[in-house]
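Asker: Quick one, final12.txt (compact mmCIF, C-alpha atoms):
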```txt
# COMPACT_ATOMS: atom_id res chain seq x y z
CA MET A 285 10.96 -45.90 -55.34
CA LYS A 286 14.06 -43.86 -54.52
CA LYS A 287 11.87 -40.96 -53.44
CA VAL A 288 9.98 -43.28 -51.07
CA LEU A 289 13.24 -44.56 -49.54
CA VAL A 290 14.54 -41.03 -49.04
CA LEU A 291 11.29 -40.05 -47.37
CA LEU A 292 11.40 -43.06 -45.04
CA LEU A 293 15.00 -42.30 -44.06
CA ALA A 294 14.10 -38.68 -43.29
CA ILE A 295 11.24 -39.80 -41.06
CA ALA A 296 13.51 -42.22 -39.23
CA MET A 297 16.07 -39.47 -38.59
CA LEU A 298 13.38 -37.16 -37.21
CA CYS A 299 12.16 -39.90 -34.87
CA THR A 300 15.71 -40.36 -33.60
CA VAL A 301 16.02 -36.64 -32.88
CA PHE A 302 12.72 -36.50 -31.00
CA ALA A 303 13.64 -39.61 -28.99
CA ALA A 304 16.93 -38.00 -28.00
CA CYS A 305 15.07 -34.89 -26.82
CA ALA A 306 13.02 -37.02 -24.45
CA GLN A 307 16.07 -38.55 -22.77
CA LYS A 308 17.23 -37.66 -19.29
CA VAL A 309 19.53 -34.66 -18.99
CA GLU A 310 21.75 -33.64 -16.11
CA THR A 311 22.05 -30.12 -14.74
CA SER A 312 25.40 -28.78 -13.56
CA GLY A 313 26.21 -26.20 -10.93
CA ASP A 314 26.55 -26.02 -7.17
CA GLU A 315 26.23 -29.05 -4.96
CA GLY A 316 22.64 -30.00 -4.49
CA THR A 317 21.56 -29.46 -8.09
CA GLN A 318 19.23 -32.27 -9.08
CA ALA A 319 18.97 -34.29 -12.27
CA VAL A 320 16.00 -33.22 -14.35
CA GLU A 321 13.95 -35.09 -16.90
CA GLU A 322 12.20 -33.40 -19.77
CA VAL A 323 8.50 -34.12 -19.95
CA ALA A 324 6.41 -32.69 -22.75
CA GLY A 325 4.23 -29.76 -21.69
CA LYS A 326 5.68 -29.30 -18.20
CA PRO A 327 7.82 -26.24 -17.44
CA VAL A 328 11.10 -26.08 -15.55
CA VAL A 329 10.75 -25.17 -11.85
CA ALA A 330 13.87 -24.02 -9.96
CA PHE A 331 13.96 -24.42 -6.18
CA LEU A 332 16.49 -22.18 -4.46
CA MET A 333 16.91 -22.77 -0.73
CA PRO A 334 19.16 -20.77 1.66
CA THR A 335 21.15 -23.57 3.31
CA LYS A 336 21.39 -27.28 4.02
CA GLU A 337 22.71 -26.59 7.51
CA GLN A 338 19.21 -26.25 8.96
CA PRO A 339 17.23 -29.50 8.50
CA ILE A 340 14.02 -27.65 7.68
CA TRP A 341 15.48 -26.28 4.42
CA ALA A 342 16.91 -29.64 3.40
CA ALA A 343 13.50 -31.20 4.02
CA TYR A 344 11.75 -28.45 2.05
CA GLY A 345 14.04 -28.94 -0.93
CA GLU A 346 13.70 -32.72 -0.97
CA ARG A 347 9.89 -32.73 -0.60
CA LEU A 348 9.44 -30.03 -3.25
CA VAL A 349 11.51 -31.99 -5.78
CA GLU A 350 9.64 -35.22 -4.97
CA ALA A 351 6.23 -33.58 -5.34
CA PHE A 352 7.00 -31.76 -8.59
CA GLU A 353 8.90 -34.57 -10.30
CA GLY A 354 6.08 -36.92 -9.30
CA ALA A 355 3.73 -34.56 -11.14
CA GLY A 356 5.94 -34.56 -14.25
CA TYR A 357 7.75 -31.24 -13.89
CA GLU A 358 11.41 -30.62 -14.59
CA THR A 359 13.17 -29.42 -11.45
CA THR A 360 16.46 -28.06 -10.23
CA LEU A 361 17.39 -27.67 -6.57
CA GLU A 362 20.24 -25.57 -5.21
CA TYR A 363 21.36 -24.37 -1.78
CA ALA A 364 23.18 -21.08 -1.28
CA GLU A 365 24.77 -22.00 2.07
CA ASP A 366 23.65 -18.61 3.42
CA MET A 367 25.70 -16.66 0.86
CA VAL A 368 23.77 -13.89 -0.88
CA GLU A 369 26.17 -13.72 -3.83
CA ARG A 370 25.76 -17.45 -4.46
CA GLN A 371 21.98 -17.21 -4.37
CA VAL A 372 21.97 -14.25 -6.76
CA ALA A 373 24.09 -16.31 -9.17
CA GLN A 374 21.69 -19.23 -8.79
CA ILE A 375 18.74 -16.98 -9.70
CA GLU A 376 20.61 -15.83 -12.80
CA ASN A 377 21.49 -19.42 -13.74
CA ALA A 378 17.88 -20.50 -13.32
CA VAL A 379 16.87 -17.92 -15.93
CA LEU A 380 19.64 -19.06 -18.29
CA ASN A 381 18.43 -22.65 -17.85
CA GLU A 382 14.97 -21.52 -18.96
CA ALA A 383 13.16 -22.00 -15.65
CA GLU A 384 9.63 -20.66 -15.94
CA TYR A 385 9.07 -20.69 -12.18
CA ILE A 386 11.52 -19.88 -9.39
CA VAL A 387 10.57 -20.94 -5.87
CA LEU A 388 12.90 -18.94 -3.64
CA ALA A 389 13.60 -19.07 0.08
CA SER A 390 15.95 -16.12 0.26
CA VAL A 391 19.17 -15.84 2.22
CA ASP A 392 18.50 -12.12 2.65
CA SER A 393 14.99 -10.99 1.79
CA TYR A 394 16.16 -7.53 0.71
CA ALA A 395 19.41 -8.36 -1.04
CA VAL A 396 17.85 -10.56 -3.74
CA SER A 397 15.34 -7.97 -5.00
CA ASP A 398 17.45 -6.82 -7.98
CA ALA A 399 18.05 -10.41 -9.10
CA VAL A 400 14.38 -11.37 -8.98
CA GLU A 401 13.43 -8.19 -10.84
CA LYS A 402 15.71 -9.22 -13.70
CA ALA A 403 14.26 -12.75 -13.63
CA LYS A 404 10.73 -11.36 -13.64
CA ALA A 405 11.60 -9.13 -16.61
CA ASP A 406 12.61 -12.31 -18.48
CA GLY A 407 9.14 -13.76 -17.90
CA VAL A 408 9.85 -15.95 -14.86
CA THR A 409 7.12 -16.35 -12.23
CA ILE A 410 8.60 -15.66 -8.77
CA ILE A 411 7.23 -17.55 -5.77
CA ALA A 412 8.64 -16.64 -2.35
CA CYS A 413 8.88 -19.68 -0.07
CA ASP A 414 8.57 -19.11 3.71
CA ARG A 415 10.65 -15.92 3.48
CA LEU A 416 8.96 -12.99 1.78
CA ILE A 417 11.09 -11.19 -0.81
CA MET A 418 11.06 -7.55 0.22
CA ASN A 419 11.10 -4.13 -1.39
CA THR A 420 10.16 -5.13 -4.94
CA GLU A 421 7.13 -5.58 -7.16
CA ALA A 422 8.71 -8.66 -8.75
CA VAL A 423 7.08 -11.20 -6.43
CA ASP A 424 4.07 -13.01 -7.83
CA TYR A 425 3.12 -15.24 -4.91
CA TYR A 426 4.17 -16.18 -1.39
CA VAL A 427 3.70 -19.63 0.17
CA THR A 428 4.28 -19.89 3.91
CA PHE A 429 2.92 -21.11 7.20
CA ASP A 430 0.70 -18.70 9.13
CA LEU A 431 3.48 -16.50 10.47
CA VAL A 432 1.50 -14.62 13.11
CA ARG A 433 -0.10 -17.86 14.27
CA MET A 434 3.38 -19.30 14.78
CA GLY A 435 4.16 -16.61 17.34
CA GLU A 436 0.74 -17.01 18.94
CA ILE A 437 1.40 -20.73 19.48
CA GLN A 438 4.65 -19.92 21.27
CA GLY A 439 3.02 -17.20 23.38
CA GLU A 440 0.07 -19.43 24.26
CA PHE A 441 2.41 -22.20 25.36
CA ILE A 442 4.23 -19.85 27.75
CA GLU A 443 0.87 -18.54 28.97
CA GLY A 444 -0.37 -22.05 29.73
CA ALA A 445 2.89 -23.43 31.13
CA LEU A 446 3.10 -20.60 33.69
CA GLY A 447 -0.61 -20.84 34.50
CA LEU A 448 -1.30 -17.25 33.47
CA ASP A 449 -4.41 -18.32 31.60
CA ALA A 450 -5.64 -19.98 34.79
CA GLY A 451 -5.21 -16.87 36.94
CA GLU A 452 -1.64 -17.16 38.21
CA ALA A 453 -0.41 -13.66 39.05
CA GLY A 454 3.34 -14.27 39.13
CA PRO A 455 5.23 -12.15 38.61
CA PHE A 456 7.23 -14.41 36.29
CA ASN A 457 10.51 -13.43 34.68
CA LEU A 458 10.55 -13.63 30.88
CA GLU A 459 13.37 -12.99 28.42
CA ILE A 460 12.79 -12.55 24.68
CA PHE A 461 15.07 -13.70 21.86
CA SER A 462 13.54 -12.66 18.55
CA GLY A 463 14.65 -13.75 15.10
CA SER A 464 17.00 -12.08 12.66
CA PRO A 465 16.22 -8.42 11.87
CA ASP A 466 16.95 -9.05 8.17
CA ASP A 467 14.23 -11.73 8.02
CA PRO A 468 10.74 -10.17 7.78
CA ASN A 469 9.24 -13.31 9.32
CA SER A 470 10.86 -12.35 12.62
CA PHE A 471 8.57 -9.37 13.01
CA LEU A 472 5.45 -11.45 12.39
CA PHE A 473 6.53 -14.14 14.87
CA TYR A 474 7.13 -11.38 17.41
CA GLU A 475 3.76 -9.79 16.67
CA GLY A 476 1.92 -13.07 17.23
CA ALA A 477 3.73 -13.88 20.49
CA MET A 478 3.32 -10.38 21.88
CA ASP A 479 -0.39 -10.36 21.05
CA VAL A 480 -0.62 -13.06 23.71
CA LEU A 481 2.05 -11.94 26.18
CA GLN A 482 1.85 -8.13 26.13
CA PRO A 483 -1.28 -7.95 28.34
CA TYR A 484 0.57 -9.88 31.05
CA LEU A 485 3.56 -7.55 30.71
CA ASP A 486 1.23 -4.56 31.04
CA GLU A 487 -0.32 -6.07 34.19
CA GLY A 488 3.07 -6.87 35.73
CA LYS A 489 2.39 -10.62 35.73
CA LEU A 490 5.31 -11.02 33.35
CA VAL A 491 8.52 -9.02 33.82
CA VAL A 492 11.48 -8.72 31.44
CA GLN A 493 14.28 -8.02 33.91
CA SER A 494 16.71 -6.99 31.17
CA GLY A 495 14.23 -4.47 29.82
CA GLN A 496 14.95 -5.79 26.32
CA VAL A 497 11.36 -6.10 25.15
CA ASP A 498 11.41 -4.47 21.72
CA ILE A 499 12.45 -6.51 18.71
CA ASP A 500 15.01 -3.89 17.67
CA VAL A 501 17.07 -4.78 20.75
CA ASN A 502 16.27 -8.47 21.25
CA GLY A 503 16.71 -9.69 17.66
CA THR A 504 19.26 -12.40 16.86
CA LEU A 505 21.17 -11.52 13.70
CA LYS A 506 21.33 -14.36 11.17
CA TRP A 507 19.54 -16.60 13.68
CA ASP A 508 22.97 -17.19 15.23
CA GLY A 509 22.81 -19.54 18.22
CA ALA A 510 26.25 -18.46 19.43
CA ALA A 511 25.10 -14.83 19.48
CA ALA A 512 22.00 -15.88 21.44
CA GLN A 513 24.19 -17.74 23.94
CA ALA A 514 26.47 -14.73 24.42
CA ARG A 515 23.51 -12.41 24.92
CA MET A 516 21.91 -14.78 27.44
CA ASP A 517 25.22 -15.02 29.31
CA ASN A 518 25.26 -11.23 29.59
CA ILE A 519 21.63 -11.04 30.69
CA LEU A 520 22.05 -13.71 33.37
CA SER A 521 25.18 -12.05 34.72
CA ALA A 522 23.76 -8.54 34.73
CA TYR A 523 20.14 -9.07 35.81
CA TYR A 524 19.89 -12.44 37.55
CA SER A 525 22.82 -12.44 39.93
CA GLU A 526 20.89 -11.46 43.06
CA GLY A 527 18.64 -14.48 43.43
CA GLU A 528 16.32 -13.71 40.52
CA THR A 529 15.68 -16.63 38.16
CA VAL A 530 14.36 -16.88 34.63
CA ASP A 531 10.94 -18.50 34.39
CA ALA A 532 10.44 -18.46 30.62
CA VAL A 533 12.30 -17.68 27.41
CA LEU A 534 10.59 -16.80 24.16
CA ALA A 535 13.10 -17.97 21.52
CA ALA A 536 11.98 -17.36 17.95
CA ALA A 537 13.52 -20.59 16.61
CA ASP A 538 15.26 -23.77 17.75
CA CYS A 539 18.69 -22.56 16.63
CA VAL A 540 18.24 -19.55 18.92
CA ALA A 541 16.84 -21.70 21.74
CA LEU A 542 19.92 -23.94 21.51
CA GLY A 543 22.20 -21.02 22.38
CA VAL A 544 19.89 -19.93 25.21
CA ILE A 545 19.81 -23.45 26.66
CA SER A 546 23.61 -23.72 26.52
CA SER A 547 23.84 -20.51 28.55
CA LEU A 548 21.25 -21.70 31.06
CA ASN A 549 23.11 -24.98 31.50
CA SER A 550 26.37 -23.14 32.15
CA MET A 551 24.64 -21.13 34.87
CA GLY A 552 23.36 -24.23 36.66
CA TYR A 553 19.73 -24.25 35.55
CA GLY A 554 18.21 -27.71 35.79
CA GLN A 555 20.50 -28.65 38.67
CA GLY A 556 19.46 -28.93 42.32
CA ASP A 557 16.64 -26.53 43.16
CA LEU A 558 17.25 -24.30 40.15
CA ALA A 559 14.45 -25.38 37.82
CA PHE A 560 14.84 -25.13 34.08
CA PRO A 561 12.65 -22.38 32.65
CA VAL A 562 10.01 -22.79 29.96
CA VAL A 563 11.87 -22.44 26.63
CA VAL A 564 9.99 -22.35 23.33
CA GLY A 565 11.23 -22.59 19.75
CA GLN A 566 10.24 -23.64 16.24
CA ASP A 567 11.51 -25.74 13.29
CA CYS A 568 11.77 -29.08 15.14
CA GLU A 569 15.52 -29.35 14.61
CA ILE A 570 16.91 -32.65 15.83
CA THR A 571 18.85 -30.99 18.67
CA ALA A 572 15.62 -29.33 19.81
CA ILE A 573 13.64 -32.57 19.85
CA LYS A 574 16.40 -34.30 21.83
CA SER A 575 16.37 -31.32 24.19
CA ILE A 576 12.60 -31.64 24.59
CA LEU A 577 12.96 -35.33 25.40
CA ALA A 578 15.69 -34.43 27.91
CA GLY A 579 13.34 -31.99 29.67
CA GLN A 580 15.10 -28.75 28.74
CA GLN A 581 13.41 -27.16 25.73
CA SER A 582 9.67 -27.23 26.32
CA MET A 583 8.24 -27.24 22.81
CA SER A 584 8.87 -26.58 19.15
CA VAL A 585 6.64 -25.98 16.15
CA PHE A 586 6.57 -28.32 13.16
CA LEU A 587 6.50 -26.87 9.65
CA ASP A 588 5.43 -29.86 7.59
CA ALA A 589 7.49 -29.91 4.38
CA VAL A 590 5.00 -32.29 2.76
CA VAL A 591 2.17 -29.81 3.28
CA LEU A 592 4.35 -26.95 1.99
CA ALA A 593 5.22 -28.93 -1.15
CA ASP A 594 1.54 -29.70 -1.77
CA LYS A 595 0.69 -26.00 -1.43
CA VAL A 596 3.39 -24.91 -3.88
CA LEU A 597 2.49 -27.68 -6.33
CA GLY A 598 -1.18 -26.76 -6.22
CA LEU A 599 -0.34 -23.12 -6.89
CA VAL A 600 1.91 -23.90 -9.88
CA ASP A 601 -0.54 -26.48 -11.26
CA SER A 602 -3.25 -23.81 -11.25
CA LEU A 603 -1.03 -21.31 -13.04
CA VAL A 604 0.06 -23.84 -15.68
CA ALA A 605 -3.61 -24.69 -16.27
CA GLY A 606 -4.44 -21.00 -16.68
CA GLU A 607 -6.52 -20.96 -13.50
CA GLU A 608 -6.54 -18.66 -10.49
CA PRO A 609 -4.64 -20.29 -7.59
CA LYS A 610 -6.17 -20.56 -4.12
CA ILE A 611 -5.07 -17.56 -2.05
CA ASP A 612 -5.62 -17.26 1.70
CA ASP A 613 -4.20 -13.84 2.53
CA SER A 614 -1.67 -11.23 1.46
CA TYR A 615 1.53 -9.95 3.04
CA ASN A 616 3.03 -6.55 2.35
CA ASN A 617 6.69 -6.49 1.30
CA ASP A 618 7.09 -2.71 1.70
CA VAL A 619 6.00 -2.18 -1.91
CA ILE A 620 3.02 -4.41 -2.73
CA ASP A 621 0.61 -6.81 -1.06
CA VAL A 622 1.80 -10.24 -2.20
CA PRO A 623 -0.93 -12.90 -2.69
CA THR A 624 -0.22 -15.60 -0.12
CA ALA A 625 -1.12 -19.27 0.31
CA LEU A 626 -0.92 -20.39 3.94
CA TYR A 627 -0.58 -23.66 5.83
CA ASP A 628 -0.85 -24.25 9.57
CA PRO A 629 2.10 -24.88 11.93
CA VAL A 630 1.78 -27.73 14.47
CA LEU A 631 2.75 -27.61 18.15
CA VAL A 632 5.20 -30.39 19.11
CA THR A 633 5.96 -31.44 22.69
CA GLU A 634 7.20 -34.54 24.46
CA GLU A 635 3.65 -35.92 24.23
CA ASN A 636 3.31 -35.88 20.43
CA TYR A 637 6.84 -35.72 18.97
CA GLU A 638 6.18 -39.03 17.17
CA ILE A 639 4.43 -37.01 14.47
CA LEU A 640 7.92 -36.19 13.16
CA ILE A 641 8.66 -39.89 12.76
CA ASP A 642 5.26 -40.58 11.20
CA ARG A 643 5.83 -37.87 8.58
CA GLY A 644 9.33 -39.11 7.76
CA PHE A 645 11.08 -36.05 9.16
CA TYR A 646 13.21 -38.23 11.47
CA THR A 647 13.56 -41.90 12.30
CA ALA A 648 13.28 -43.24 15.84
CA GLU A 649 17.02 -43.93 15.70
CA ASP A 650 17.74 -40.30 14.85
CA LEU A 651 16.22 -39.20 18.13
CA GLN A 652 18.02 -41.64 20.39
```
Can you give me the file's structure in the form of structure tokens?
Answerer:
Amino acid sequence: MKKVLVLLLAIAMLCTVFAACAQKVETSGDEGTQAVEEVAGKPVVAFLMPTKEQPIWAAYGERLVEAFEGAGYETTLEYAEDMVERQVAQIENAVLNEAEYIVLASVDSYAVSDAVEKAKADGVTIIACDRLIMNTEAVDYYVTFDLVRMGEIQGEFIEGALGLDAGEAGPFNLEIFSGSPDDPNSFLFYEGAMDVLQPYLDEGKLVVQSGQVDIDVNGTLKWDGAAAQARMDNILSAYYSEGETVDAVLAAADCVALGVISSLNSMGYGQGDLAFPVVVGQDCEITAIKSILAGQQSMSVFLDAVVLADKVLGLVDSLVAGEEPKIDDSYNNDVIDVPTALYDPVLVTEENYEILIDRGFYTAEDLQ
């Protein structure tokens, strides 16, 4: 009888231990780290985003956590606030916290290569998110929108808005504000836009008065809107002081377009007979949508965080199940061709901006 009682007590103690292991645990670290809940059979997935300052990254982080936790995964979410050293530390912490998958939108696509190589050596699967990790073999997959198509959408909008596709000969004055040179996406955006616009430049129907056509001279380091504004100020003063006006601006992103628009406003564009030029962007930042509704920025491009999260979740689900994930293309990171899952960007103008409200990106009150 005593032996039976001892055995029953031992079983009860084991049950208590297992129950405790199933309880909710809290992660610690930088602001933005999320509570995680252990679920049997599901690995830990760490989401490392560059910054909360741009709404697109905040939306990505939130939707990724929602999708994965809804599917039973453990998750952590951290933002590096555009500091490489902080993101490197976050990668190292993710490994220490036994993450099996790291989904990384890098602050600097080159500077994190050593950190991801160490994580990969510890058995972590590395998934680049919207920013390809460069110059390393330690990248397993890349999930992003169609980067070249993004630029094509911007170029096609300029083409249509100026009537070039309908035979207008111009010449129209265009200025180009590419993305950050340390972000490989910038070059693909530029490639897509120039695939559309270069023929018109060759024919003289489009003219870049500043002569700053190549991406190595028209890039905007760190996507800095203030730098874009200063550069536009200089261009307007140097090349548009004798009656010439700007007809269109290719801005690689909304944060860049914001600086361009501030410069144009200071020079009197949109007042009297001085019409506001066509200005394109991407990311659908709230300032950009308000600018579109005010008749200044002409369009933006929506990167649906819900669709991104579904793509990443589908990829990880396939890997956990031991299946081959669906791959649409590959992108070269200077070392290897990284298998890539793509989703489509969506053109947003004054006519269809409500899509952002419908998808929960903003409320109607946000845009007032």
Asker: List as JSON, numbers by chain the protein and nucleic acid residues near segment 362-377 of chain A, meaning an atom at most 12 Å away when all atoms listed in the file are counted, but skip any in the same chain fewer than 6 places from it.
Answerer: {"A": [311, 312, 313, 314, 315, 316, 317, 318, 319, 329, 330, 331, 332, 333, 334, 335, 336, 337, 338, 341, 342, 343, 344, 345, 346, 348, 349, 383, 384, 385, 386, 387, 388, 389, 390, 391, 392, 393, 394, 395, 396, 397, 398, 399, 400, 401, 402, 403, 404, 405, 406, 408, 409, 410, 506, 507, 508]}
Asker: Kindly give the distance, in Å, that separates atom CA of Ser582 of chain A and atom CA of Leu534 of chain A, rounded to a single decimal.
Answerer: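 Here the two named atoms are 10.7 Å from each other.
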Asker: Extract, using all atoms listed in the file, all DNA, RNA and protein residues at most 8 Å from Gly543 of chain A, discarding same-chain residues fewer than 6 positions from it, and format them as a ChimeraX atom specification.
Answerer: /A:509-514
Asker: What is the distance between atom CA of Met583 of chain A and atom CA of Glu452 of chain A, in Å to one decimal?
Answerer: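 Calculated distance between atom CA of Met583 of chain A and atom CA of Glu452 of chain A is 20.9 Å.
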Asker: Could you tell me which of A:Leu446, A:Val630, A:Ala578, A:Val622 comes closest to Met418 of chain A if we count only C-alpha atoms?
Answerer: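 Ranking A:Leu446, A:Val630, A:Ala578, A:Val622 by distance to Met418 of chain A, first place goes to A:Val622.
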Asker: Do a neighbour search on Tyr637 of chain A at 12 Å with all atoms listed in the file, toss out local chain neighbours closer than 4 positions, and write the hits as a PyMOL selection string.
Answerer: chain A and resi 568-570+572-577+582-586+630-633+641-648+651
Asker: Any chance you could export the current selection's C-alpha atoms as a short mmCIF file (atom, residue, chain, number, x, y, z; two decimals), keeping the file's coordinate frame?
Answerer:
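The resulting selection.cif:
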```cif
data_model
loop_
_atom_site.label_atom_id
_atom_site.label_comp_id
_atom_site.auth_asym_id
_atom_site.auth_seq_id
_atom_site.Cartn_x
_atom_site.Cartn_y
_atom_site.Cartn_z
CA CYS A 568 11.77 -29.08 15.14
CA GLU A 569 15.52 -29.35 14.61
CA ILE A 570 16.91 -32.65 15.83
CA ALA A 572 15.62 -29.33 19.81
CA ILE A 573 13.64 -32.57 19.85
CA LYS A 574 16.40 -34.30 21.83
CA SER A 575 16.37 -31.32 24.19
CA ILE A 576 12.60 -31.64 24.59
CA LEU A 577 12.96 -35.33 25.40
CA SER A 582 9.67 -27.23 26.32
CA MET A 583 8.24 -27.24 22.81
CA SER A 584 8.87 -26.58 19.15
CA VAL A 585 6.64 -25.98 16.15
CA PHE A 586 6.57 -28.32 13.16
CA VAL A 630 1.78 -27.73 14.47
CA LEU A 631 2.75 -27.61 18.15
CA VAL A 632 5.20 -30.39 19.11
CA THR A 633 5.96 -31.44 22.69
CA ILE A 641 8.66 -39.89 12.76
CA ASP A 642 5.26 -40.58 11.20
CA ARG A 643 5.83 -37.87 8.58
CA GLY A 644 9.33 -39.11 7.76
CA PHE A 645 11.08 -36.05 9.16
CA TYR A 646 13.21 -38.23 11.47
CA THR A 647 13.56 -41.90 12.30
CA ALA A 648 13.28 -43.24 15.84
CA LEU A 651 16.22 -39.20 18.13
#
```
Asker: List every protein, DNA or RNA residue with an atom no more than 10 Å from (0.6, -18.1, 20.5) in the file's coordinates, counting all atoms listed in the file, and format the result as a ChimeraX atom specification.
Answerer: /A:432-443,473-481
Asker: Store the residues of this selection in a file with C-alpha atoms, as a PDB file, in the frame of the given file.
Answerer:
```pdb
ATOM      1  CA  VAL A 432       1.500 -14.620  13.110  1.00  0.00           C
ATOM      2  CA  ARG A 433      -0.100 -17.860  14.270  1.00  0.00           C
ATOM      3  CA  MET A 434       3.380 -19.300  14.780  1.00  0.00           C
ATOM      4  CA  GLY A 435       4.160 -16.610  17.340  1.00  0.00           C
ATOM      5  CA  GLU A 436       0.740 -17.010  18.940  1.00  0.00           C
ATOM      6  CA  ILE A 437       1.400 -20.730  19.480  1.00  0.00           C
ATOM      7  CA  GLN A 438       4.650 -19.920  21.270  1.00  0.00           C
ATOM      8  CA  GLY A 439       3.020 -17.200  23.380  1.00  0.00           C
ATOM      9  CA  GLU A 440       0.070 -19.430  24.260  1.00  0.00           C
ATOM     10  CA  PHE A 441       2.410 -22.200  25.360  1.00  0.00           C
ATOM     11  CA  ILE A 442       4.230 -19.850  27.750  1.00  0.00           C
ATOM     12  CA  GLU A 443       0.870 -18.540  28.970  1.00  0.00           C
ATOM     13  CA  PHE A 473       6.530 -14.140  14.870  1.00  0.00           C
ATOM     14  CA  TYR A 474       7.130 -11.380  17.410  1.00  0.00           C
ATOM     15  CA  GLU A 475       3.760  -9.790  16.670  1.00  0.00           C
ATOM     16  CA  GLY A 476       1.920 -13.070  17.230  1.00  0.00           C
ATOM     17  CA  ALA A 477       3.730 -13.880  20.490  1.00  0.00           C
ATOM     18  CA  MET A 478       3.320 -10.380  21.880  1.00  0.00           C
ATOM     19  CA  ASP A 479      -0.390 -10.360  21.050  1.00  0.00           C
ATOM     20  CA  VAL A 480      -0.620 -13.060  23.710  1.00  0.00           C
ATOM     21  CA  LEU A 481       2.050 -11.940  26.180  1.00  0.00           C
TER      22      LEU A 481
END
```
Asker: Could you please determine the separation between atom CA of Asn617 of chain A and atom CA of Pro465 of chain A in Å, to one decimal place?
Answerer: 14.4 Å
Asker: As a PyMOL selection string, please: the residues near Ile545 of chain A (cut-off 9 Å, all atoms listed in the file, same-chain neighbours under 4 positions excluded).
Answerer: chain A and resi 513+516+540-541+549-550+553+563+575+580-581
Asker: With a distance cut-off of 7 Å and all atoms listed in the file, select the neighbouring residues of Asp531 of chain A, excluding the residue or stretch itself and same-chain residues fewer than 4 positions from it, and output the selection as an MDAnalysis selection string.
Answerer: chainID A and resid 456:458 561:562
Asker: Here's a test: counting all atoms listed in the file, identify every protein, DNA and RNA residue with an atom at most 10 Å from (10.7, -13.5, 9.9) in the file's coordinate frame, and state them as number ranges by chain.
Answerer: A: 393, 414-416, 431-432, 462-474, 536
Asker: Which residue, A:Gly444, A:Glu459, A:Tyr524, A:Val530, has the smallest gap to Gly495 of chain A when you use only C-alpha atoms?
Answerer: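 When distances to Gly495 of chain A are compared using only C-alpha atoms, the smallest one comes from A:Glu459.
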Asker: Once you add 6 Å to each side, what are the centre and edge lengths of the axis-aligned box holding all listed atoms of segment 428-444 of chain A? One decimal in Å, as AutoDock Vina command-line options, if you can.
Answerer:
```
--center_x 2.1 --center_y -18.4 --center_z 16.8 --size_x 17.0 --size_y 19.6 --size_z 37.8
```
Asker: Check the smallest atom-to-atom distance from each of A:Ile417, A:Leu520, A:Tyr615, A:Ile460 to Gln496 of chain A using all atoms listed in the file, then report the winner.
Answerer: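 Nearest candidate to Gln496 of chain A out of A:Ile417, A:Leu520, A:Tyr615, A:Ile460: A:Ile460.
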Asker: For each of A:Val497, A:Leu485, A:Val564, A:Ala355, take the minimum atom-to-atom distance to Lys326 of chain A, counting all atoms listed in the file, then give the residue where this is smallest.
Answerer: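 Result for the nearest residue to Lys326 of chain A: A:Ala355.
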Asker: I'd like to know which of A:Thr359, A:Asn419, A:Glu350, A:Leu548 is closest to Val590 of chain A, using all atoms listed in the file.
Answerer: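 Comparing A:Thr359, A:Asn419, A:Glu350, A:Leu548 against Val590 of chain A, the winner is A:Glu350.
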